[in-house]
Amino acid sequence: MAKPKEKNSELMEKIVSLCKRRGFIFQSSEIYGGINGFWDYGPYGAELKKNVKDYWWRCMTRHRDDVVGIDATIIMHPKVWEASGHTTTFSDPMSDCLLTKKRFRSDQIDPQDGQVYFYSGARESLSGKCLNEPFSVLLGEGKNPGSAEKVARQYYESRGLTDPELILDRTEKVLGSTGYNPENGAQLTEPRAFNLMFKTYVGPVQDEKNVAYLRPETAQAIFTNFRNVQEVSRQKVPFGIAQIGKAFRNEINPRNFTFRSREFEQMELEFFIKPDSVVGADADKEPVDIGSPAADWGWSQWHKYWVEQRLRWYESIGLQRSTLELYYQKKEDLAHYAKATVDILYKFPFGTEELEGIAARGDYDLTQHQNHSGKPMDYFDDEAKVKYVPHVIEPSAGVDRLVLALICNAYAEDEVVDDKGKSETRTLLRFHPRVAPIKVAILPLLKNRPEIVAKAKAVQQMIQPFMSVFYDESGAIGRRYRRQDEVGTPFCVTIDFETLGEGDDAGLKETVTLRERDSMQQRRMAIADLLPYLIQQIN
RNA sequence: GCGAGUGUAGCUCAGUUGGUAGAGCAUCACCUUGCCAAGGUGAAUGUCGUGAGUUCGAGCCUCAUCACUCGCUCCA
């Protein structure tokens, strides 16, 4: 099994290298040695990411009657995070075993009773070298005292002493201690808080009263704005509020390129629905048509609907269903308030990992904010003539993860055989035209023919207002095609003598060669048809 | 956070037992080139991750630090 893994990490290295080389993704603050968990997007990466966000926004808000968008601040009132539960759940106390270095969540260690052996240090019997480092071991009831000594000796050996003689300070009976490794009795470090939220201070004075946090998710601003938005948009439940924005988490260990970053961007929708009791929904009933919402849908049907909507969306930007996996979170793993959560995973080279989570969260969030703020979050339903706190379905996607998935998915190495029969590798990114950073490259066949160059520039100017265009006149035409392949440009347009009406076939005047990236096929197209064709391809 | 590994030009890497740095590709200019890269000529490029130490002298040795990769851990 080691072999495919190695192959995958090689693939990942090639992708990372391409990202750097062609200007998709750079390490943040690189000239200062970089900073762990932060990444920048270069020219092509920024275009790609922007295309992804724009397309999500278009599909989720503008193309729908029942979703509106907001754009909220990153820093919010600290009570927001108390209500959401992040202040408590995002700071787990952790302790490490001094001997094995294994890490424990302090609140999950079973309390133990027994005798604690306190050592003040140890000395080497041969050299007399002394180490005055205190260490203690908890000996469970009815255990051989020798085992405590054994653990202590191992500890001092790990600190560089050979054949250490223990210096016992004292022993003490304890009850319900969580300060020792339940597996070997070795002392744990003091619990340290692992606060996953970035802390900052509002105002110039750094006082505990001014503490605020950078949001760990964008969703909470949707809940806090629920009443405002519902009123001004004149939306009726069911309806949704969408938002795209930065979020921050002090990840313990950022990994896998941009996949787990400390600063990242989310695309979140909170879709508010009527409680099942109001519509008389049966959670076990399958929706008749998963694509068309019905009046009697409850949380279960809406949840399935959004999973399907999101899958279709991923397909529409080139992530085939075969590259995705659905993970239905197990009951015991669900947060206590969640009714169901489905993760959409992508098969990355480094493993199958989450792109988006679609959670049915009941009325937990609005109720929490209602309780903490004292402001009503309920909604009067004109049709049903009842008041209720809406329930919510939350499709929450990571933009940076998706961008990385799109790059991984697009990366391909083709074997191409040239006319001399020599085979070579063609590296390309098969981006869907919708997300490709450059839509079309304009290439004059020869750069030393002013008429061709002038015509190419005219074509460029015609297209430029409508999409990202790249003009390139340097080097052989084949090389320029390959350069575009490597950044995923779906179309190349070449201007030649025929375009000018100077070729053998005068009928080709005002036509260009349109070369398609994936098939490398070329065809002749009238300049007049070019723009409508391209616009249709990228929308 | 722990353990192991890596860090030399934009990228991939070479650099002998310590003697003030090289290749290929890429880039730029000019020429060439009539549709799938790597033809010619020329040019630019690095405080060898960063900081300290040992040394007459460090890319090479020592320590620290930062970043990346892998494994553990973590992942509301």
# chains A, B, ... in the order shown; residues from 1 in each chain; ligands from 1

call {"tool": "residues_around", "arguments": {"residues": "Thr341 (chain A)", "least_positions_apart": "4", "cutoff": "10 Å", "atoms": "only C-alpha atoms (C1' of nucleotides)", "output": "ChimeraX atom specification"}}
result
/A:303,307,327-331,333-335,357-361,393-395

call {"tool": "residues_around", "arguments": {"residues": "region 500-515 of chain A", "least_positions_apart": "6", "cutoff": "12 Å", "atoms": "only C-alpha atoms (C1' of nucleotides)", "output": "PyMOL selection string"}}
result
(chain A and resi 440-445+449-456+458-459+477-478+480-482+484-485+489-494+521-531+533-534) or (chain B and resi 34-36)

call {"tool": "interface_residues", "arguments": {"of": "chain B", "to": "chain A", "cutoff": "8 Å", "atoms": "only C-alpha atoms (C1' of nucleotides)", "output": "ChimeraX atom specification"}}
result
/B:1-2,10-11,33-37,49-50,66-67,73-76

call {"tool": "closest_residue", "arguments": {"among": "A:Tyr364, A:Pro532, A:Cys19, A:Lys150", "to": "Met462 (chain A)", "atoms": "only C-alpha atoms"}}
result
A:Pro532

call {"tool": "atom_distance", "arguments": {"atom1": "C1' of C61 (chain B)", "atom2": "CA of Leu131 (chain A)"}}
result
29.1 Å

call {"tool": "residues_around", "arguments": {"residues": "Lys347 (chain A)", "least_positions_apart": "5", "cutoff": "7 Å", "atoms": "only C-alpha atoms (C1' of nucleotides)", "output": "mmCIF file with all heavy atoms, in the first residue's frame"}}
result
data_model
loop_
_atom_site.group_PDB
_atom_site.id
_atom_site.type_symbol
_atom_site.label_atom_id
_atom_site.label_comp_id
_atom_site.auth_asym_id
_atom_site.auth_seq_id
_atom_site.Cartn_x
_atom_site.Cartn_y
_atom_site.Cartn_z
ATOM 1 N N THR A 323 -15.921 11.602 -8.759
ATOM 2 C CA THR A 323 -14.780 12.117 -8.008
ATOM 3 C C THR A 323 -15.205 12.549 -6.602
ATOM 4 O O THR A 323 -14.368 12.914 -5.797
ATOM 5 C CB THR A 323 -14.142 13.333 -8.700
ATOM 6 O OG1 THR A 323 -15.074 14.419 -8.651
ATOM 7 C CG2 THR A 323 -13.806 13.030 -10.133
ATOM 8 N N LEU A 324 -16.502 12.518 -6.375
ATOM 9 C CA LEU A 324 -17.031 12.961 -5.079
ATOM 10 C C LEU A 324 -17.535 11.761 -4.292
ATOM 11 O O LEU A 324 -17.802 10.698 -4.844
ATOM 12 C CB LEU A 324 -18.182 13.949 -5.290
ATOM 13 C CG LEU A 324 -17.839 15.209 -6.070
ATOM 14 C CD1 LEU A 324 -19.096 16.014 -6.368
ATOM 15 C CD2 LEU A 324 -16.848 16.069 -5.296
ATOM 16 N N THR A 352 -9.400 11.311 0.794
ATOM 17 C CA THR A 352 -10.741 11.781 0.493
ATOM 18 C C THR A 352 -11.185 12.698 1.626
ATOM 19 O O THR A 352 -11.315 12.266 2.756
ATOM 20 C CB THR A 352 -11.687 10.581 0.347
ATOM 21 O OG1 THR A 352 -11.175 9.739 -0.683
ATOM 22 C CG2 THR A 352 -13.088 11.032 -0.024
ATOM 23 N N GLU A 353 -11.357 13.978 1.287
ATOM 24 C CA GLU A 353 -11.585 14.974 2.341
ATOM 25 C C GLU A 353 -12.766 15.884 2.005
ATOM 26 O O GLU A 353 -13.149 16.033 0.857
ATOM 27 C CB GLU A 353 -10.327 15.828 2.536
ATOM 28 C CG GLU A 353 -9.093 15.048 2.952
ATOM 29 C CD GLU A 353 -9.021 14.792 4.443
ATOM 30 O OE1 GLU A 353 -9.968 15.180 5.163
ATOM 31 O OE2 GLU A 353 -8.012 14.203 4.878
#

call {"tool": "select_by_dssp", "arguments": {"residues": "region 46-254 of chain A", "states": "helix (DSSP H, G or I)", "output": "PyMOL selection string"}}
result
chain A and resi 46-62+78-84+86-89+106-108+145-158+208-210+219-224+226-233

call {"tool": "closest_residue", "arguments": {"among": "A:Trp56, A:Phe38, A:Phe239, A:Tyr155", "to": "Cys97 (chain A)", "atoms": "only C-alpha atoms"}}
result
A:Tyr155

call {"tool": "select_by_dssp", "arguments": {"residues": "region 89-279 of chain A", "states": "strand (DSSP E or B)", "output": "JSON, numbers by chain"}}
result
{"A": [91, 92, 93, 94, 95, 96, 97, 103, 104, 105, 112, 113, 114, 115, 116, 117, 118, 119, 120, 121, 122, 123, 124, 130, 131, 135, 136, 137, 138, 139, 140, 164, 165, 166, 167, 168, 169, 170, 171, 172, 173, 174, 175, 176, 177, 180, 186, 187, 188, 192, 193, 194, 195, 199, 200, 201, 211, 212, 213, 214, 239, 240, 241, 242, 243, 244, 245, 246, 247, 248, 263, 264, 265, 266, 267, 268, 269, 270, 271, 272, 273]}

call {"tool": "residues_around", "arguments": {"residues": "region 13-15 of chain B", "least_positions_apart": "5", "cutoff": "12 Å", "atoms": "only C-alpha atoms (C1' of nucleotides)", "output": "PDB file with N, CA, C and O atoms (P, O5', C5', C4', C3', O3' and C1' of nucleotides), in the first residue's frame"}}
result
ATOM      1  P     U B   8      16.054  24.818  -1.807  1.00  0.00           P
ATOM      2  O5'   U B   8      17.548  25.297  -2.046  1.00  0.00           O
ATOM      3  C5'   U B   8      18.009  26.511  -1.477  1.00  0.00           C
ATOM      4  C4'   U B   8      19.259  26.941  -2.175  1.00  0.00           C
ATOM      5  C3'   U B   8      19.146  27.054  -3.689  1.00  0.00           C
ATOM      6  O3'   U B   8      18.552  28.268  -4.093  1.00  0.00           O
ATOM      7  C1'   U B   8      21.058  25.814  -3.173  1.00  0.00           C
ATOM      8  P     A B  21      31.199  32.045  -5.114  1.00  0.00           P
ATOM      9  O5'   A B  21      30.769  31.017  -6.248  1.00  0.00           O
ATOM     10  C5'   A B  21      31.508  29.871  -6.566  1.00  0.00           C
ATOM     11  C4'   A B  21      30.529  28.873  -7.102  1.00  0.00           C
ATOM     12  C3'   A B  21      29.755  29.394  -8.311  1.00  0.00           C
ATOM     13  O3'   A B  21      30.485  29.080  -9.470  1.00  0.00           O
ATOM     14  C1'   A B  21      28.276  28.405  -6.734  1.00  0.00           C
ATOM     15  P     G B  22      30.009  29.497 -10.886  1.00  0.00           P
ATOM     16  O5'   G B  22      28.946  28.390 -11.236  1.00  0.00           O
ATOM     17  C5'   G B  22      28.822  27.941 -12.543  1.00  0.00           C
ATOM     18  C4'   G B  22      28.220  26.571 -12.568  1.00  0.00           C
ATOM     19  C3'   G B  22      26.933  26.483 -13.378  1.00  0.00           C
ATOM     20  O3'   G B  22      27.198  26.490 -14.766  1.00  0.00           O
ATOM     21  C1'   G B  22      26.712  25.232 -11.391  1.00  0.00           C
ATOM     22  P     A B  23      26.077  26.929 -15.761  1.00  0.00           P
ATOM     23  O5'   A B  23      25.271  25.571 -15.965  1.00  0.00           O
ATOM     24  C5'   A B  23      25.940  24.408 -16.457  1.00  0.00           C
ATOM     25  C4'   A B  23      24.996  23.246 -16.447  1.00  0.00           C
ATOM     26  C3'   A B  23      23.658  23.498 -17.141  1.00  0.00           C
ATOM     27  O3'   A B  23      23.765  23.321 -18.534  1.00  0.00           O
ATOM     28  C1'   A B  23      23.288  22.461 -15.047  1.00  0.00           C
ATOM     29  P     G B  24      22.815  24.167 -19.493  1.00  0.00           P
ATOM     30  O5'   G B  24      21.433  23.395 -19.366  1.00  0.00           O
ATOM     31  C5'   G B  24      21.288  22.057 -19.840  1.00  0.00           C
ATOM     32  C4'   G B  24      19.975  21.496 -19.405  1.00  0.00           C
ATOM     33  C3'   G B  24      18.767  22.369 -19.736  1.00  0.00           C
ATOM     34  O3'   G B  24      18.326  22.194 -21.066  1.00  0.00           O
ATOM     35  C1'   G B  24      18.640  21.679 -17.480  1.00  0.00           C
ATOM     36  P     C B  25      17.720  23.441 -21.854  1.00  0.00           P
ATOM     37  O5'   C B  25      16.313  23.691 -21.139  1.00  0.00           O
ATOM     38  C5'   C B  25      15.252  22.747 -21.269  1.00  0.00           C
ATOM     39  C4'   C B  25      14.188  23.001 -20.236  1.00  0.00           C
ATOM     40  C3'   C B  25      13.495  24.358 -20.306  1.00  0.00           C
ATOM     41  O3'   C B  25      12.498  24.426 -21.305  1.00  0.00           O
ATOM     42  C1'   C B  25      14.062  23.882 -18.067  1.00  0.00           C
ATOM     43  P     C B  48      23.326  33.082   1.006  1.00  0.00           P
ATOM     44  O5'   C B  48      22.837  31.720   0.357  1.00  0.00           O
ATOM     45  C5'   C B  48      21.422  31.374   0.228  1.00  0.00           C
ATOM     46  C4'   C B  48      21.340  29.890   0.023  1.00  0.00           C
ATOM     47  C3'   C B  48      21.832  29.121   1.263  1.00  0.00           C
ATOM     48  O3'   C B  48      20.795  28.581   2.054  1.00  0.00           O
ATOM     49  C1'   C B  48      23.010  28.463  -0.749  1.00  0.00           C
ATOM     50  P     G B  59      29.316  29.526   2.514  1.00  0.00           P
ATOM     51  O5'   G B  59      28.127  28.629   1.970  1.00  0.00           O
ATOM     52  C5'   G B  59      26.883  28.624   2.655  1.00  0.00           C
ATOM     53  C4'   G B  59      26.162  27.331   2.362  1.00  0.00           C
ATOM     54  C3'   G B  59      26.730  26.116   3.071  1.00  0.00           C
ATOM     55  O3'   G B  59      26.164  25.953   4.344  1.00  0.00           O
ATOM     56  C1'   G B  59      26.426  25.638   0.768  1.00  0.00           C
ATOM     57  P     C B  60      27.069  25.565   5.542  1.00  0.00           P
ATOM     58  O5'   C B  60      27.500  24.057   5.242  1.00  0.00           O
ATOM     59  C5'   C B  60      26.520  23.023   5.100  1.00  0.00           C
ATOM     60  C4'   C B  60      27.190  21.809   4.523  1.00  0.00           C
ATOM     61  C3'   C B  60      28.206  21.155   5.460  1.00  0.00           C
ATOM     62  O3'   C B  60      27.975  19.757   5.529  1.00  0.00           O
ATOM     63  C1'   C B  60      29.201  21.673   3.348  1.00  0.00           C
TER      64        C B  60
END
